[in-house]
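Q: If it helps, the file is called model.csv and holds CSV, C-alpha atoms:
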chain,number,residue,atom,x,y,z
H,1,MET,CA,-25.2,-8.7,-25.5
H,2,ILE,CA,-26.5,-6.0,-23.1
H,3,LYS,CA,-24.1,-3.1,-22.6
H,4,VAL,CA,-24.0,-0.8,-19.6
H,5,TYR,CA,-22.1,2.5,-19.6
H,6,GLY,CA,-21.0,3.8,-16.2
H,7,SER,CA,-19.0,3.0,-13.1
H,8,VAL,CA,-20.1,0.3,-10.6
H,9,PHE,CA,-19.7,3.0,-8.0
H,10,SER,CA,-22.2,5.3,-9.7
H,11,ARG,CA,-25.9,5.0,-10.5
H,12,ALA,CA,-24.9,2.4,-13.1
H,13,GLY,CA,-24.1,0.1,-10.2
H,14,MET,CA,-27.9,-0.1,-9.6
H,15,VAL,CA,-28.3,-1.4,-13.1
H,16,MET,CA,-25.5,-3.9,-12.8
H,17,LEU,CA,-27.0,-5.1,-9.5
H,18,ALA,CA,-30.3,-5.8,-11.3
H,19,LEU,CA,-28.4,-7.6,-14.1
H,20,GLU,CA,-26.5,-9.7,-11.6
H,21,GLU,CA,-29.7,-10.6,-9.7
H,22,LEU,CA,-31.4,-11.6,-13.0
H,23,GLY,CA,-28.4,-13.7,-14.1
H,24,LEU,CA,-28.0,-11.8,-17.3
H,25,GLU,CA,-24.7,-11.5,-19.2
H,26,TYR,CA,-23.6,-7.9,-19.9
H,27,GLU,CA,-20.7,-5.8,-20.9
H,28,ALA,CA,-19.8,-2.9,-18.6
H,29,VAL,CA,-18.2,0.1,-20.2
H,30,ASP,CA,-16.5,1.8,-17.3
H,31,MET,CA,-16.8,5.5,-17.2
H,32,LEU,CA,-17.1,8.0,-14.3
H,33,PRO,CA,-19.7,10.7,-14.0
H,34,ARG,CA,-18.7,14.1,-15.4
H,35,SER,CA,-15.7,12.5,-17.1
H,36,GLU,CA,-14.5,13.4,-20.6
H,37,GLN,CA,-15.9,10.1,-21.9
H,38,THR,CA,-19.4,11.1,-21.0
H,39,GLN,CA,-19.0,14.4,-22.9
H,40,SER,CA,-17.8,12.8,-26.1
H,41,SER,CA,-19.9,13.0,-29.2
H,42,GLU,CA,-20.0,9.2,-29.4
H,43,TYR,CA,-21.5,8.9,-25.9
H,44,ARG,CA,-23.9,11.8,-26.3
H,45,ALA,CA,-25.3,10.2,-29.4
H,46,LEU,CA,-26.4,7.5,-27.0
H,47,ASN,CA,-27.3,9.7,-24.1
H,48,PRO,CA,-27.8,13.4,-24.9
H,49,THR,CA,-27.7,14.3,-21.2
H,50,GLY,CA,-24.0,13.3,-20.9
H,51,LYS,CA,-24.9,11.4,-17.7
H,52,ILE,CA,-24.7,7.8,-16.7
H,53,PRO,CA,-26.0,5.1,-16.8
H,54,THR,CA,-27.0,4.2,-20.4
H,55,LEU,CA,-28.1,0.7,-21.3
H,56,VAL,CA,-27.9,-0.7,-24.8
H,57,ASP,CA,-29.9,-3.9,-25.5
H,58,GLY,CA,-30.0,-4.7,-29.2
H,59,ASP,CA,-31.7,-1.7,-30.9
H,60,LEU,CA,-32.9,-0.2,-27.6
H,61,VAL,CA,-30.8,2.6,-26.2
H,62,LEU,CA,-32.1,3.7,-22.8
H,63,PHE,CA,-31.1,6.2,-20.1
H,64,GLU,CA,-32.5,7.2,-16.7
H,65,THR,CA,-31.8,4.7,-14.0
H,66,GLN,CA,-35.3,3.9,-12.9
H,67,ALA,CA,-36.5,3.4,-16.5
H,68,ILE,CA,-33.6,1.0,-17.1
H,69,LEU,CA,-34.5,-1.0,-13.9
H,70,PHE,CA,-38.1,-1.1,-14.9
H,71,PHE,CA,-37.2,-2.3,-18.4
H,72,LEU,CA,-35.0,-5.1,-17.1
H,73,ALA,CA,-37.5,-6.3,-14.5
H,74,ARG,CA,-40.3,-6.3,-17.1
H,75,LYS,CA,-38.4,-7.9,-20.0
H,76,TYR,CA,-36.2,-10.4,-18.2
H,77,GLY,CA,-37.5,-10.7,-14.6
H,78,ASN,CA,-40.2,-13.4,-15.0
H,79,GLY,CA,-41.5,-12.1,-11.7
H,80,ARG,CA,-38.2,-11.3,-10.1
H,81,LEU,CA,-37.6,-7.7,-9.1
H,82,TRP,CA,-41.2,-6.9,-10.0
H,83,GLY,CA,-44.8,-7.5,-9.1
H,84,SER,CA,-47.4,-9.9,-10.4
H,85,THR,CA,-50.5,-7.7,-10.2
H,86,PRO,CA,-51.2,-4.0,-11.0
H,87,GLU,CA,-51.4,-3.3,-7.3
H,88,GLU,CA,-48.0,-4.8,-6.6
H,89,GLU,CA,-46.5,-3.0,-9.6
H,90,ALA,CA,-47.9,0.3,-8.4
H,91,ASP,CA,-46.6,-0.2,-4.9
H,92,ILE,CA,-43.1,-0.9,-6.2
H,93,LEU,CA,-43.2,2.3,-8.3
H,94,ARG,CA,-44.6,4.2,-5.4
H,95,TRP,CA,-41.7,3.5,-3.1
H,96,SER,CA,-39.1,3.9,-5.8
H,97,LEU,CA,-40.5,7.3,-6.8
H,98,PHE,CA,-40.9,8.3,-3.1
H,99,VAL,CA,-37.2,8.0,-2.6
H,100,SER,CA,-36.4,9.6,-5.9
H,101,ASN,CA,-38.7,12.6,-5.5
H,102,GLN,CA,-38.3,13.3,-1.8
H,103,MET,CA,-34.8,12.2,-0.8
H,104,GLU,CA,-32.5,11.7,-3.8
H,105,VAL,CA,-31.5,15.4,-4.1
H,106,PRO,CA,-30.5,15.7,-0.4
H,107,ALA,CA,-28.8,12.3,-0.5
H,108,LEU,CA,-26.8,13.4,-3.6
H,109,ASP,CA,-25.9,16.7,-2.0
H,110,MET,CA,-24.4,14.8,0.9
H,111,LEU,CA,-22.5,12.5,-1.5
H,112,ILE,CA,-21.1,15.4,-3.5
H,113,GLN,CA,-19.9,17.1,-0.3
H,114,PHE,CA,-18.3,13.8,0.8
H,115,LYS,CA,-16.5,13.3,-2.5
H,116,PHE,CA,-15.5,16.8,-3.5
H,117,SER,CA,-15.2,19.0,-0.4
H,118,LYS,CA,-11.8,17.7,0.5
H,119,GLY,CA,-12.9,17.1,4.1
H,120,ASN,CA,-14.4,20.6,4.5
H,121,PRO,CA,-18.1,20.2,3.5
H,122,ASP,CA,-20.4,23.2,3.2
H,123,GLN,CA,-22.3,23.0,6.5
H,124,ALA,CA,-25.3,24.9,5.1
H,125,VAL,CA,-25.7,22.2,2.4
H,126,MET,CA,-25.3,19.4,4.9
H,127,ASP,CA,-27.8,21.0,7.3
H,128,ARG,CA,-30.4,21.5,4.6
H,129,ALA,CA,-29.9,17.9,3.3
H,130,THR,CA,-30.2,16.5,6.8
H,131,ALA,CA,-33.4,18.4,7.4
H,132,GLU,CA,-34.9,17.1,4.2
H,133,LEU,CA,-33.9,13.5,5.0
H,134,ASN,CA,-35.3,13.8,8.5
H,135,ARG,CA,-38.6,15.1,7.0
H,136,PHE,CA,-39.2,12.0,4.9
H,137,LEU,CA,-37.3,9.1,6.5
H,138,PRO,CA,-40.0,8.5,9.2
H,139,THR,CA,-42.4,7.5,6.5
H,140,LEU,CA,-39.9,5.0,5.2
H,141,GLU,CA,-39.1,3.8,8.7
H,142,ARG,CA,-42.8,3.0,9.3
H,143,GLN,CA,-43.1,1.2,5.9
H,144,LEU,CA,-40.1,-1.0,6.7
H,145,ASP,CA,-41.3,-1.9,10.2
H,146,GLY,CA,-41.9,-5.7,10.3
H,147,ARG,CA,-40.9,-6.3,6.6
H,148,LYS,CA,-37.6,-7.2,5.0
H,149,TRP,CA,-38.1,-5.4,1.7
H,150,ILE,CA,-39.7,-2.1,1.0
H,151,SER,CA,-42.6,-3.5,-1.2
H,152,GLY,CA,-44.2,-6.9,-1.0
H,153,ASP,CA,-42.4,-9.9,0.2
H,154,HIS,CA,-39.5,-10.1,-2.2
H,155,PHE,CA,-36.5,-8.1,-3.5
H,156,THR,CA,-37.5,-5.6,-6.2
H,157,ILE,CA,-36.2,-2.7,-8.1
H,158,ALA,CA,-37.5,-0.4,-5.4
H,159,ASP,CA,-35.1,-1.9,-3.0
H,160,ILE,CA,-32.2,-1.6,-5.4
H,161,HIS,CA,-32.9,2.0,-6.2
H,162,GLY,CA,-34.0,3.2,-2.8
H,163,ALA,CA,-31.4,1.6,-0.6
H,164,MET,CA,-28.6,2.5,-2.9
H,165,VAL,CA,-29.6,6.2,-2.9
H,166,LEU,CA,-30.0,6.2,0.8
H,167,SER,CA,-26.5,4.7,1.2
H,168,TRP,CA,-25.0,7.9,-0.1
H,169,PRO,CA,-25.8,10.1,3.0
H,170,LYS,CA,-24.1,7.4,5.2
H,171,LEU,CA,-20.9,8.1,3.3
H,172,GLY,CA,-21.4,11.8,4.1
H,173,GLY,CA,-21.8,11.1,7.8
H,174,PHE,CA,-25.6,11.0,8.2
H,175,ASP,CA,-26.6,9.2,11.4
H,176,TYR,CA,-29.3,6.6,10.8
H,177,THR,CA,-29.6,5.8,14.6
H,178,ALA,CA,-33.2,7.2,14.7
H,179,TYR,CA,-34.1,5.0,11.7
H,180,PRO,CA,-33.0,1.4,12.5
H,181,GLU,CA,-35.3,-0.2,10.1
H,182,VAL,CA,-34.1,1.9,7.2
H,183,HIS,CA,-30.5,1.3,8.2
H,184,ARG,CA,-31.1,-2.5,8.4
H,185,TRP,CA,-32.7,-2.3,4.9
H,186,ILE,CA,-29.8,-0.4,3.4
H,187,LYS,CA,-27.3,-3.0,4.9
H,188,SER,CA,-29.4,-5.9,3.6
H,189,VAL,CA,-29.2,-4.6,0.0
H,190,LEU,CA,-25.5,-3.8,0.3
H,191,SER,CA,-24.9,-7.3,1.5
H,192,HIS,CA,-27.3,-9.0,-1.0
H,193,PRO,CA,-25.6,-12.0,-2.8
H,194,ALA,CA,-26.0,-10.2,-6.2
H,195,GLN,CA,-24.3,-7.1,-4.8
H,196,LYS,CA,-21.5,-9.1,-3.3
H,197,LYS,CA,-21.0,-10.8,-6.7
H,198,LEU,CA,-20.9,-7.4,-8.4
H,199,MET,CA,-18.4,-6.0,-5.9
H,200,ALA,CA,-16.1,-9.1,-6.3
H,201,LYS,CA,-16.1,-8.4,-10.1
H,202,ALA,CA,-15.3,-4.8,-9.5
H,203,ALA,CA,-12.3,-5.8,-7.3
H,204,THR,CA,-10.7,-7.9,-10.1
Would you give me this structure, written as structure tokens?
A:
Amino acid sequence: MIKVYGSVFSRAGMVMLALEELGLEYEAVDMLPRSEQTQSSEYRALNPTGKIPTLVDGDLVLFETQAILFFLARKYGNGRLWGSTPEEEADILRWSLFVSNQMEVPALDMLIQFKFSKGNPDQAVMDRATAELNRFLPTLERQLDGRKWISGDHFTIADIHGAMVLSWPKLGGFDYTAYPEVHRWIKSVLSHPAQKKLMAKAAT
């Protein structure tokens, strides 16, 4: 059986969402980022970075969220979460990497401030992250205008990764008023049936 290491409320949640969407059975090994579990010799033998998530599928041990999502879509998707032509595949990767390369760092900075600043975030960090998001979000807003999903006409790994990453600044108080299409897209992924199923499991 597939095994996923990490918390549903971390990047591992993206992997679990993909598994739920594909209808795959898996075992979730709950561990939080930066926890003692992630620094153990047993876990570092699987993932030398000491980060999460890690996926184990038979003899394959894989870390890095986007690589895991790519693997699951290619191996088990049968067209779901992925494209059917090289052009569609490239577009999915393009938008996933766009979010990763341009906006994931400021999004994570805001999330860290929200989680660890005890209500007193570093304003310089918040201002810098806000400026970076405002630099690149207009491109995403234009891409989402008139379409439900970020790439093509169906739900893909680019939606899972991108919308989940951009949900982090919202927790930190980022105002998406100027980006209604992006905000709608984030909410559509957070309310996706597979995500609701995952959250129901997490609540039990």
Q: Need the shell around H:Met16: protein/DNA/RNA residues with any atom at most 9 Å away, counting only C-alpha atoms. Skip same-chain ones fewer than 6 positions apart. Format as a list in words?
A: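 Selected residues are Val4, Val8, Tyr26, Ala28, Gln195 and Leu198 of chain H.
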Q: To one decimal place in Å, what is the distance between atom CA of H:Leu22 and atom CA of H:Ala194?
A: 8.8 Å
Q: Taking all atoms listed in the file into account, name the residue in H:Ala67, H:Ile186, H:Met164, H:Leu93 that is nearest to H:Gly13.
A: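 That would be H:Met164, the residue with the smallest distance to H:Gly13.
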Q: Which residue, H:Pro106, H:Pro33, H:Gly6, H:Gly83, has the smallest gap to H:Lys170 when you use all atoms listed in the file?
A: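 When distances to H:Lys170 are compared using all atoms listed in the file, the smallest one comes from H:Pro106.
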Q: Taking all atoms listed in the file into account, name the residue in H:Val56, H:Val182, H:Leu97, H:Val189 that is nearest to H:Leu144.
A: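 Under the stated criterion, the closest residue is H:Val182.
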Q: At what distance in Å, to one decimal, does atom CA of H:Arg184 lie from atom CA of H:Tyr5?
A: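 The value is 29.8 Å.
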Q: In Å, rounded to a single decimal, give me how far atom CA of H:Leu62 is from atom CA of H:Ser167.
A: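 Rounded to one decimal, the two atoms are 24.7 Å apart.
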Q: Excluding H:Lys115 and residues on its chain fewer than 6 positions from it, collect all residues at most 12 Å away from it, counting all atoms listed in the file, and give them as number ranges by chain.
A: H: 108-109, 121, 168-169, 171-173
Q: With distances taken over only C-alpha atoms, which of H:Val165, H:Phe70, H:Gly152, H:Gly119 is nearest to H:Val105?
A: H:Val165
Q: Could you list as a PyMOL selection string every residue that has an atom within 8 Å of (-26.3, 11.7, -24.0), using the file's coordinates and counting all atoms listed in the file?
A: chain H and resi 38-39+43-51
Q: Find the residues near H:Gln66: any atom within 10 Å, counting only C-alpha atoms, skip ones fewer than 4 places away on the same chain, and give them as a PyMOL selection string.
A: chain H and resi 11+14-15+70-72+93+96-97+100+157-158+160-161
Q: Could you tell me which of H:Asn134, H:Ser35, H:Asn78, H:Ser191 comes closest to H:Asp175 if we count only C-alpha atoms?
A: H:Asn134
Q: Which polymer residues have any atom within 12 Å of an atom of H:Met1, counting all atoms listed in the file, with same-chain residues fewer than 5 positions away left out, as a ChimeraX atom specification?
A: /H:19,24-28,55-60
Q: Counting all atoms listed in the file, which residue out of H:Phe155, H:Tyr176, H:Phe9, H:Trp82 sits closest to H:Ile52?
A: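 Residue with the minimum atom-to-atom distance to H:Ile52: H:Phe9.
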Q: Could you add the missing atoms to stretch 185-196 of chain H, up to N, CA and C atoms, and return them as a short mmCIF file (atom, residue, chain, number, x, y, z; two decimals), in the frame of the given file?
A:
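For reference, part.cif as written:
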data_model
loop_
_atom_site.label_atom_id
_atom_site.label_comp_id
_atom_site.auth_asym_id
_atom_site.auth_seq_id
_atom_site.Cartn_x
_atom_site.Cartn_y
_atom_site.Cartn_z
N TRP H 185 -32.35 -2.12 6.33
CA TRP H 185 -32.70 -2.30 4.90
C TRP H 185 -31.57 -1.97 4.00
N ILE H 186 -30.94 -0.83 4.22
CA ILE H 186 -29.80 -0.40 3.40
C ILE H 186 -28.70 -1.50 3.47
N LYS H 187 -28.39 -1.94 4.68
CA LYS H 187 -27.30 -3.00 4.90
C LYS H 187 -27.71 -4.27 4.19
N SER H 188 -29.00 -4.63 4.22
CA SER H 188 -29.40 -5.90 3.60
C SER H 188 -29.24 -5.87 2.10
N VAL H 189 -29.45 -4.69 1.48
CA VAL H 189 -29.20 -4.60 0.00
C VAL H 189 -27.74 -4.56 -0.28
N LEU H 190 -26.97 -3.84 0.51
CA LEU H 190 -25.50 -3.80 0.30
C LEU H 190 -24.85 -5.13 0.49
N SER H 191 -25.47 -6.01 1.28
CA SER H 191 -24.90 -7.30 1.50
C SER H 191 -25.63 -8.43 0.75
N HIS H 192 -26.51 -8.03 -0.16
CA HIS H 192 -27.30 -9.00 -1.00
C HIS H 192 -26.28 -9.83 -1.81
N PRO H 193 -26.55 -11.12 -2.02
CA PRO H 193 -25.60 -12.00 -2.80
C PRO H 193 -25.28 -11.38 -4.16
N ALA H 194 -26.25 -10.80 -4.86
CA ALA H 194 -26.00 -10.20 -6.20
C ALA H 194 -25.04 -9.02 -6.06
N GLN H 195 -25.19 -8.23 -4.99
CA GLN H 195 -24.30 -7.10 -4.80
C GLN H 195 -22.90 -7.55 -4.42
N LYS H 196 -22.79 -8.59 -3.61
CA LYS H 196 -21.50 -9.10 -3.30
C LYS H 196 -20.77 -9.65 -4.54
#
